[in-house]
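As provided, final_9.txt (compact mmCIF, C-alpha atoms) reads as follows.
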# COMPACT_ATOMS: atom_id res chain seq x y z
CA MET A 1 -22.20 -14.11 3.88
CA LYS A 2 -18.51 -14.97 3.31
CA LEU A 3 -15.81 -12.32 2.71
CA LEU A 4 -12.40 -13.14 1.23
CA ILE A 5 -9.69 -10.54 2.02
CA VAL A 6 -6.73 -10.69 -0.41
CA ASP A 7 -3.63 -8.66 0.51
CA ASP A 8 0.05 -9.50 0.98
CA SER A 9 0.09 -7.40 4.16
CA SER A 10 -1.26 -9.15 7.25
CA VAL A 11 -1.66 -5.74 8.89
CA VAL A 12 -4.01 -4.64 6.10
CA ARG A 13 -5.94 -7.93 6.19
CA ARG A 14 -6.48 -7.54 9.93
CA ALA A 15 -7.39 -3.84 9.59
CA ILE A 16 -10.08 -4.64 7.01
CA GLN A 17 -11.49 -7.38 9.22
CA ARG A 18 -11.38 -5.18 12.33
CA HIS A 19 -13.02 -2.17 10.68
CA LEU A 20 -15.79 -4.14 9.06
CA GLU A 21 -19.15 -3.04 10.42
CA THR A 22 -21.67 -4.76 8.18
CA GLY A 23 -23.59 -7.42 10.05
CA ARG A 24 -24.07 -9.33 6.83
CA VAL A 25 -20.55 -10.81 6.80
CA THR A 26 -20.51 -13.90 8.99
CA GLU A 27 -17.28 -15.55 7.85
CA VAL A 28 -13.93 -13.99 6.86
CA LEU A 29 -11.29 -15.80 4.79
CA GLU A 30 -7.80 -14.52 3.96
CA ALA A 31 -5.35 -14.92 1.07
CA ARG A 32 -1.84 -13.43 0.70
CA ASN A 33 -1.69 -13.19 -3.09
CA GLY A 34 -3.69 -13.80 -6.25
CA LEU A 35 -2.82 -17.49 -6.47
CA GLU A 36 -4.02 -18.16 -2.94
CA ALA A 37 -7.12 -16.09 -3.70
CA VAL A 38 -8.05 -18.28 -6.68
CA SER A 39 -7.55 -21.40 -4.59
CA MET A 40 -9.56 -20.05 -1.64
CA PHE A 41 -12.29 -18.81 -3.96
CA THR A 42 -12.61 -22.21 -5.62
CA MET A 43 -12.80 -24.01 -2.28
CA HIS A 44 -15.00 -21.66 -0.28
CA ARG A 45 -17.01 -19.62 -2.84
CA PRO A 46 -17.08 -16.33 -0.88
CA ASP A 47 -19.86 -13.81 -1.64
CA ILE A 48 -17.56 -10.77 -1.69
CA VAL A 49 -13.81 -10.26 -2.19
CA THR A 50 -11.49 -7.36 -1.30
CA MET A 51 -8.46 -7.45 -3.60
CA ASP A 52 -5.08 -5.71 -3.39
CA ILE A 53 -3.24 -5.21 -6.70
CA THR A 54 0.52 -5.25 -6.03
CA MET A 55 1.19 -8.73 -4.68
CA PRO A 56 3.79 -11.46 -5.29
CA GLU A 57 3.00 -14.67 -7.24
CA MET A 58 -0.11 -13.29 -8.95
CA ASP A 59 -1.23 -9.64 -8.90
CA GLY A 60 -4.76 -8.48 -8.17
CA ILE A 61 -5.75 -7.60 -11.74
CA ARG A 62 -4.85 -11.09 -12.95
CA ALA A 63 -6.64 -12.61 -9.95
CA VAL A 64 -9.81 -10.63 -10.79
CA GLU A 65 -9.71 -12.13 -14.29
CA GLU A 66 -9.40 -15.63 -12.85
CA LEU A 67 -12.19 -15.17 -10.30
CA VAL A 68 -14.54 -13.78 -12.96
CA LYS A 69 -13.89 -16.89 -15.08
CA ILE A 70 -14.98 -19.03 -12.13
CA ARG A 71 -18.00 -16.88 -11.24
CA PRO A 72 -18.86 -14.02 -13.62
CA ASP A 73 -21.05 -12.15 -11.10
CA VAL A 74 -18.44 -12.20 -8.31
CA ARG A 75 -18.44 -9.02 -6.20
CA ILE A 76 -14.86 -7.72 -5.97
CA LEU A 77 -13.74 -4.49 -4.29
CA ILE A 78 -10.21 -3.47 -5.28
CA VAL A 79 -8.35 -2.06 -2.24
CA SER A 80 -5.10 -0.67 -3.59
CA ALA A 81 -2.61 2.20 -3.38
CA MET A 82 -2.51 2.53 -7.18
CA ALA A 83 -3.85 6.05 -7.60
CA ASP A 84 -4.03 6.32 -11.39
CA LYS A 85 -7.27 6.24 -13.38
CA HIS A 86 -5.94 3.67 -15.84
CA THR A 87 -5.57 1.01 -13.13
CA ALA A 88 -9.07 1.65 -11.75
CA ILE A 89 -10.60 1.45 -15.25
CA GLN A 90 -8.62 -1.71 -16.04
CA ALA A 91 -9.79 -3.37 -12.81
CA VAL A 92 -13.43 -2.55 -13.54
CA ARG A 93 -13.10 -3.76 -17.14
CA LYS A 94 -11.76 -7.06 -15.84
CA GLY A 95 -14.79 -7.43 -13.57
CA ALA A 96 -14.18 -5.56 -10.28
CA LYS A 97 -17.27 -3.79 -8.93
CA GLY A 98 -15.55 -1.05 -6.93
CA PHE A 99 -12.23 0.61 -6.10
CA LEU A 100 -11.03 1.86 -2.70
CA LEU A 101 -7.76 3.77 -2.57
CA LYS A 102 -5.22 3.12 0.21
CA PRO A 103 -4.77 4.63 2.71
CA PHE A 104 -8.44 4.37 3.67
CA ASN A 105 -10.31 5.03 6.88
CA PRO A 106 -12.97 2.73 8.39
CA THR A 107 -15.86 4.88 7.11
CA GLU A 108 -14.59 4.74 3.52
CA LEU A 109 -14.10 0.97 3.75
CA ASN A 110 -17.59 0.31 5.09
CA GLU A 111 -19.21 2.63 2.53
CA ALA A 112 -17.38 0.89 -0.32
CA ILE A 113 -18.33 -2.60 0.89
CA GLU A 114 -21.93 -1.58 1.54
CA GLU A 115 -22.17 -0.10 -1.96
CA ILE A 116 -21.02 -3.36 -3.54
CA LEU A 117 -23.36 -5.44 -1.40
CA THR A 118 -26.28 -3.13 -2.21
CA ASP A 119 -25.52 -3.13 -5.96
CA GLY A 120 -25.57 -6.92 -5.90
CA HIS A 121 -29.13 -7.07 -4.56
CA MET B 1 13.47 15.11 -10.44
CA ASN B 2 11.96 18.54 -10.43
CA GLU B 3 10.49 20.56 -7.60
CA GLY B 4 6.90 19.62 -8.47
CA GLU B 5 7.71 15.92 -8.35
CA ILE B 6 9.39 16.23 -4.95
CA GLN B 7 6.39 18.19 -3.69
CA ALA B 8 4.12 15.37 -4.91
CA PHE B 9 5.92 12.93 -2.60
CA VAL B 10 5.68 15.41 0.29
CA ASP B 11 1.91 15.75 -0.26
CA ILE B 12 1.42 11.98 -0.50
CA THR B 13 3.36 11.44 2.73
CA VAL B 14 1.41 14.13 4.61
CA ASN B 15 -1.86 12.64 3.34
CA TYR B 16 -0.84 9.14 4.47
CA PHE B 17 -0.40 10.25 8.07
CA ASN B 18 -3.53 12.45 7.92
CA GLN B 19 -5.58 9.39 6.98
CA ILE B 20 -4.30 7.51 10.02
CA GLY B 21 -5.72 10.26 12.18
CA GLY B 22 -4.49 12.08 15.24
CA GLU B 23 -1.44 14.27 14.98
CA ALA B 24 -0.47 15.59 11.54
CA ALA B 25 2.98 14.62 10.26
CA ARG B 26 5.60 17.36 10.06
CA VAL B 27 7.68 17.31 6.91
CA GLU B 28 10.95 19.24 6.93
CA PRO B 29 12.44 20.67 3.74
CA PRO B 30 13.66 17.93 1.37
CA TYR B 31 17.37 17.88 0.56
CA MET B 32 19.69 16.13 -1.87
CA ARG B 33 21.32 12.97 -0.50
CA LYS B 34 25.09 12.84 -0.31
CA GLU B 35 26.77 9.50 -0.98
CA GLY B 36 27.38 7.55 2.22
CA ASP B 37 25.05 9.80 4.16
CA SER B 38 21.65 8.13 4.06
CA PRO B 39 19.31 8.44 7.02
CA ILE B 40 18.47 4.87 8.05
CA HIS B 41 16.25 3.81 10.93
CA ASP B 42 15.26 0.41 12.39
CA TYR B 43 13.09 -0.74 9.47
CA THR B 44 13.23 0.19 5.78
CA GLY B 45 10.78 -0.64 3.01
CA VAL B 46 12.20 -0.53 -0.52
CA ILE B 47 10.17 -0.26 -3.73
CA GLY B 48 11.83 -0.67 -7.13
CA ILE B 49 10.56 1.64 -9.87
CA SER B 50 10.51 0.70 -13.56
CA GLY B 51 8.58 1.64 -16.68
CA SER B 52 8.33 5.36 -17.47
CA ARG B 53 10.81 6.15 -14.68
CA LYS B 54 13.56 4.05 -13.17
CA GLY B 55 14.90 4.08 -9.65
CA ALA B 56 13.82 3.27 -6.12
CA ILE B 57 11.81 4.63 -3.22
CA TYR B 58 12.80 3.92 0.39
CA PHE B 59 10.68 4.56 3.47
CA THR B 60 12.71 4.16 6.64
CA ALA B 61 11.36 4.59 10.18
CA THR B 62 12.01 3.93 13.84
CA SER B 63 10.36 0.92 15.49
CA GLN B 64 8.38 3.27 17.69
CA LEU B 65 6.93 5.25 14.78
CA LEU B 66 5.80 2.01 13.13
CA ALA B 67 4.40 0.74 16.43
CA ASN B 68 2.41 3.98 16.73
CA VAL B 69 1.04 3.50 13.19
CA LEU B 70 0.01 -0.05 14.07
CA THR B 71 -1.69 1.18 17.23
CA ALA B 72 -3.53 3.79 15.17
CA HIS B 73 -4.71 0.92 12.93
CA GLY B 74 -6.16 -0.74 16.02
CA GLU B 75 -3.46 -3.32 16.76
CA SER B 76 -3.20 -4.02 20.49
CA GLN B 77 0.00 -6.08 20.32
CA VAL B 78 3.00 -5.24 18.15
CA THR B 79 5.55 -7.83 17.00
CA GLU B 80 8.70 -7.54 14.84
CA PRO B 81 7.05 -9.18 11.80
CA MET B 82 4.22 -6.65 12.09
CA LEU B 83 6.71 -3.76 12.14
CA ALA B 84 8.38 -5.16 9.01
CA ASP B 85 5.00 -5.66 7.34
CA MET B 86 3.99 -2.08 8.20
CA VAL B 87 7.13 -0.43 6.80
CA GLY B 88 6.69 -2.35 3.55
CA GLU B 89 3.03 -1.39 3.35
CA ILE B 90 3.80 2.32 3.90
CA ALA B 91 6.49 2.22 1.18
CA ASN B 92 4.04 0.48 -1.14
CA THR B 93 1.22 2.91 -0.42
CA ILE B 94 3.32 6.04 -0.96
CA SER B 95 4.77 4.61 -4.20
CA GLY B 96 1.37 3.49 -5.49
CA ASN B 97 -0.19 6.86 -4.68
CA ALA B 98 2.59 8.49 -6.74
CA ARG B 99 0.96 7.02 -9.88
CA PHE B 100 -1.63 9.79 -9.55
CA TYR B 101 1.17 12.20 -10.56
CA PHE B 102 3.41 9.93 -12.67
CA GLY B 103 0.77 7.82 -14.48
CA HIS B 104 0.18 4.10 -14.89
CA GLU B 105 3.53 3.46 -16.57
CA PHE B 106 5.22 4.29 -13.25
CA MET B 107 5.64 0.62 -12.32
CA ILE B 108 6.20 -0.32 -8.69
CA SER B 109 7.61 -3.59 -7.31
CA VAL B 110 6.40 -5.46 -4.27
CA PRO B 111 8.24 -4.14 -1.19
CA VAL B 112 11.54 -5.52 0.07
CA VAL B 113 12.06 -4.92 3.79
CA LEU B 114 15.46 -4.28 5.39
CA LEU B 115 15.83 -4.77 9.14
CA GLY B 116 18.42 -3.00 11.21
CA ARG B 117 20.79 -0.30 10.15
CA PRO B 118 23.18 -1.06 7.32
CA SER B 119 25.99 1.51 7.09
CA ASP B 120 24.46 3.00 3.96
CA ILE B 121 21.69 2.41 1.46
CA ARG B 122 22.95 1.66 -2.04
CA LEU B 123 21.36 3.82 -4.69
CA PRO B 124 22.33 4.26 -8.36
CA ASP B 125 25.39 6.56 -8.52
CA LYS B 126 24.26 8.56 -11.54
CA ILE B 127 20.83 9.50 -10.25
CA ARG B 128 20.27 12.31 -7.78
CA SER B 129 18.37 11.17 -4.68
CA PHE B 130 16.22 13.35 -2.50
CA VAL B 131 15.54 12.87 1.20
CA ILE B 132 12.27 13.94 2.81
CA PRO B 133 12.50 14.08 6.63
CA ILE B 134 9.26 13.26 8.49
CA SER B 135 8.31 13.61 12.16
CA TRP B 136 5.17 12.05 13.61
CA GLN B 137 4.22 11.65 17.25
CA GLY B 138 7.76 12.58 18.27
CA GLN B 139 9.32 9.87 16.09
CA LYS B 140 11.46 10.10 12.95
CA ALA B 141 11.10 8.64 9.49
CA HIS B 142 12.62 9.50 6.11
CA LEU B 143 11.48 9.01 2.55
CA LEU B 144 14.30 8.62 0.00
CA VAL B 145 13.29 9.10 -3.61
CA CYS B 146 15.73 8.21 -6.36
CA LEU B 147 14.25 8.57 -9.85
CA GLU B 148 15.90 8.91 -13.24
CA ASN B 149 14.78 11.97 -15.17

Final structure tokens representation of the file:
Amino acid sequence: MKLLIVDDSSVVRRAIQRHLETGRVTEVLEARNGLEAVSMFTMHRPDIVTMDITMPEMDGIRAVEELVKIRPDVRILIVSAMADKHTAIQAVRKGAKGFLLKPFNPTELNEAIEEILTDGH
Amino acid sequence: MNEGEIQAFVDITVNYFNQIGGEAARVEPPYMRKEGDSPIHDYTGVIGISGSRKGAIYFTATSQLLANVLTAHGESQVTEPMLADMVGEIANTISGNARFYFGHEFMISVPVVLLGRPSDIRLPDKIRSFVIPISWQGQKAHLLVCLEN
């Protein structure tokens, strides 16, 4: 299973990769903004995506819209610091399957990813 | 800014360091910034605020505090770009978390990172700025919040 991690912070991208415990993910891809995410998604067709919201070039909400156009059943977990309900609802309406608030700990990350993987099957 | 809004930033900051684990952060009483007297450390992350409120949020910290945060995140080697990345990410996280209190029209920019110690941080003259001093693992950081009423 391929995971695409989208975040403008390399520290966050590495932390997500390091904390990942599920044995189901065999390949990890990275993108630094929404534009790169769309490109990587088109090329590599990952099974699951973690998506930041506040990023340069293209933000995460817009990127979710684009990824859903490419593959409507894409499994996207928003991983963002945006702590308001409106943003979470908007992300889910656009097609995200879950929302994890930053700062997160490894347990919260793994539970959120596992939930999305389980919901998909 | 009112007392409740300043307290919101204190709570968010304390929660950030609690999530990292280990020692809890100590937050000293916030105070109003005087012009030309901004606490500035080695790295500073700046977030512009627009929408329902206008202004800026600065998180400034010593290299060692940021290195300790990176270590807590599991990084074994720390480089200057990683320290810059970390200070921007902390500024972004604190500002984004503030939307819980200020709502979705509290718009935050992507972080701009300043390296080194400029003589002062420029903030809008007509807006009162508050400084929140933070200590964590024996290191210093400050959060500067400058928001129009």

query = Which residue gives the smallest distance to chain A among B:Thr44, B:Ser95, B:Gln64, B:Gln139, with only C-alpha atoms counted?
reply = B:Ser95

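Nearest to Lys34 (chain B) of all the residues B:Ile49, B:Val113, B:Val131, B:Val69 is B:Val131, based on only C-alpha atoms.
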
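Those residues of chain B that fall within 8 Å of chain A when using all atoms listed in the file read Tyr16, Gln19, Ile20, Leu70, His73, Gly74, Met82, Asp85, Met86, Glu89, Asn92, Thr93, Ile94, Ser95, Gly96, Asn97, Ala98, Arg99, Phe100, Tyr101, Gly103, His104, Ile108, Ser109 and Val110 of chain B.
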
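Taking only C-alpha atoms, the non-local environment of Glu111 (chain A) within 12 Å (same-chain residues fewer than 3 positions away omitted) comprises His19, Leu20, Glu21, Thr22, Leu77, Gly98, Phe99, Leu100, Phe104, Asn105, Pro106, Thr107, Glu108, Glu114, Glu115, Ile116, Leu117 and Thr118 of chain A.
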
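As for CA of Gly21 (chain B) and CA of Leu83 (chain B), they are spaced 18.7 Å apart.
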
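For the pair CA of Ala88 (chain A) and CA of Glu30 (chain A), the interatomic distance is 22.6 Å.
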
request  = Pick out the residues sitting within 9 Å of Tyr58 (chain B), and hand them over as a PyMOL selection string; count all atoms listed in the file, and ignore anything fewer than 5 positions along from it in its own chain.
outcome  = chain B and resi 44-48+91+142-146

task = In Å, rounded to a single decimal, give me how far CA of Ile12 (chain B) is from CA of Gly116 (chain B).
result = 25.5 Å

message = Using only C-alpha atoms and a cutoff of 12 Å, can you tell me which residues are near (-1.6, 11.8, 18.0) in the file's coordinates, and write them out as number ranges by chain?
response = B: 17-25, 65, 68-69, 71-72, 135-139

For Val64 (chain A): contacts at 12 Å, all atoms listed in the file, fewer than 4 positions along chain excluded, given as a CSV table (one decimal) with C-alpha atoms, keeping the file's coordinate frame:
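Contents of out-v5.csv, freshly written:
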chain,number,residue,atom,x,y,z
A,6,VAL,CA,-6.7,-10.7,-0.4
A,33,ASN,CA,-1.7,-13.2,-3.1
A,34,GLY,CA,-3.7,-13.8,-6.2
A,35,LEU,CA,-2.8,-17.5,-6.5
A,37,ALA,CA,-7.1,-16.1,-3.7
A,38,VAL,CA,-8.0,-18.3,-6.7
A,41,PHE,CA,-12.3,-18.8,-4.0
A,48,ILE,CA,-17.6,-10.8,-1.7
A,49,VAL,CA,-13.8,-10.3,-2.2
A,50,THR,CA,-11.5,-7.4,-1.3
A,51,MET,CA,-8.5,-7.4,-3.6
A,52,ASP,CA,-5.1,-5.7,-3.4
A,53,ILE,CA,-3.2,-5.2,-6.7
A,58,MET,CA,-0.1,-13.3,-9.0
A,59,ASP,CA,-1.2,-9.6,-8.9
A,60,GLY,CA,-4.8,-8.5,-8.2
A,68,VAL,CA,-14.5,-13.8,-13.0
A,69,LYS,CA,-13.9,-16.9,-15.1
A,70,ILE,CA,-15.0,-19.0,-12.1
A,71,ARG,CA,-18.0,-16.9,-11.2
A,72,PRO,CA,-18.9,-14.0,-13.6
A,73,ASP,CA,-21.0,-12.2,-11.1
A,74,VAL,CA,-18.4,-12.2,-8.3
A,75,ARG,CA,-18.4,-9.0,-6.2
A,76,ILE,CA,-14.9,-7.7,-6.0
A,77,LEU,CA,-13.7,-4.5,-4.3
A,78,ILE,CA,-10.2,-3.5,-5.3
A,90,GLN,CA,-8.6,-1.7,-16.0
A,91,ALA,CA,-9.8,-3.4,-12.8
A,92,VAL,CA,-13.4,-2.6,-13.5
A,93,ARG,CA,-13.1,-3.8,-17.1
A,94,LYS,CA,-11.8,-7.1,-15.8
A,95,GLY,CA,-14.8,-7.4,-13.6
A,96,ALA,CA,-14.2,-5.6,-10.3
A,97,LYS,CA,-17.3,-3.8,-8.9
A,98,GLY,CA,-15.6,-1.0,-6.9
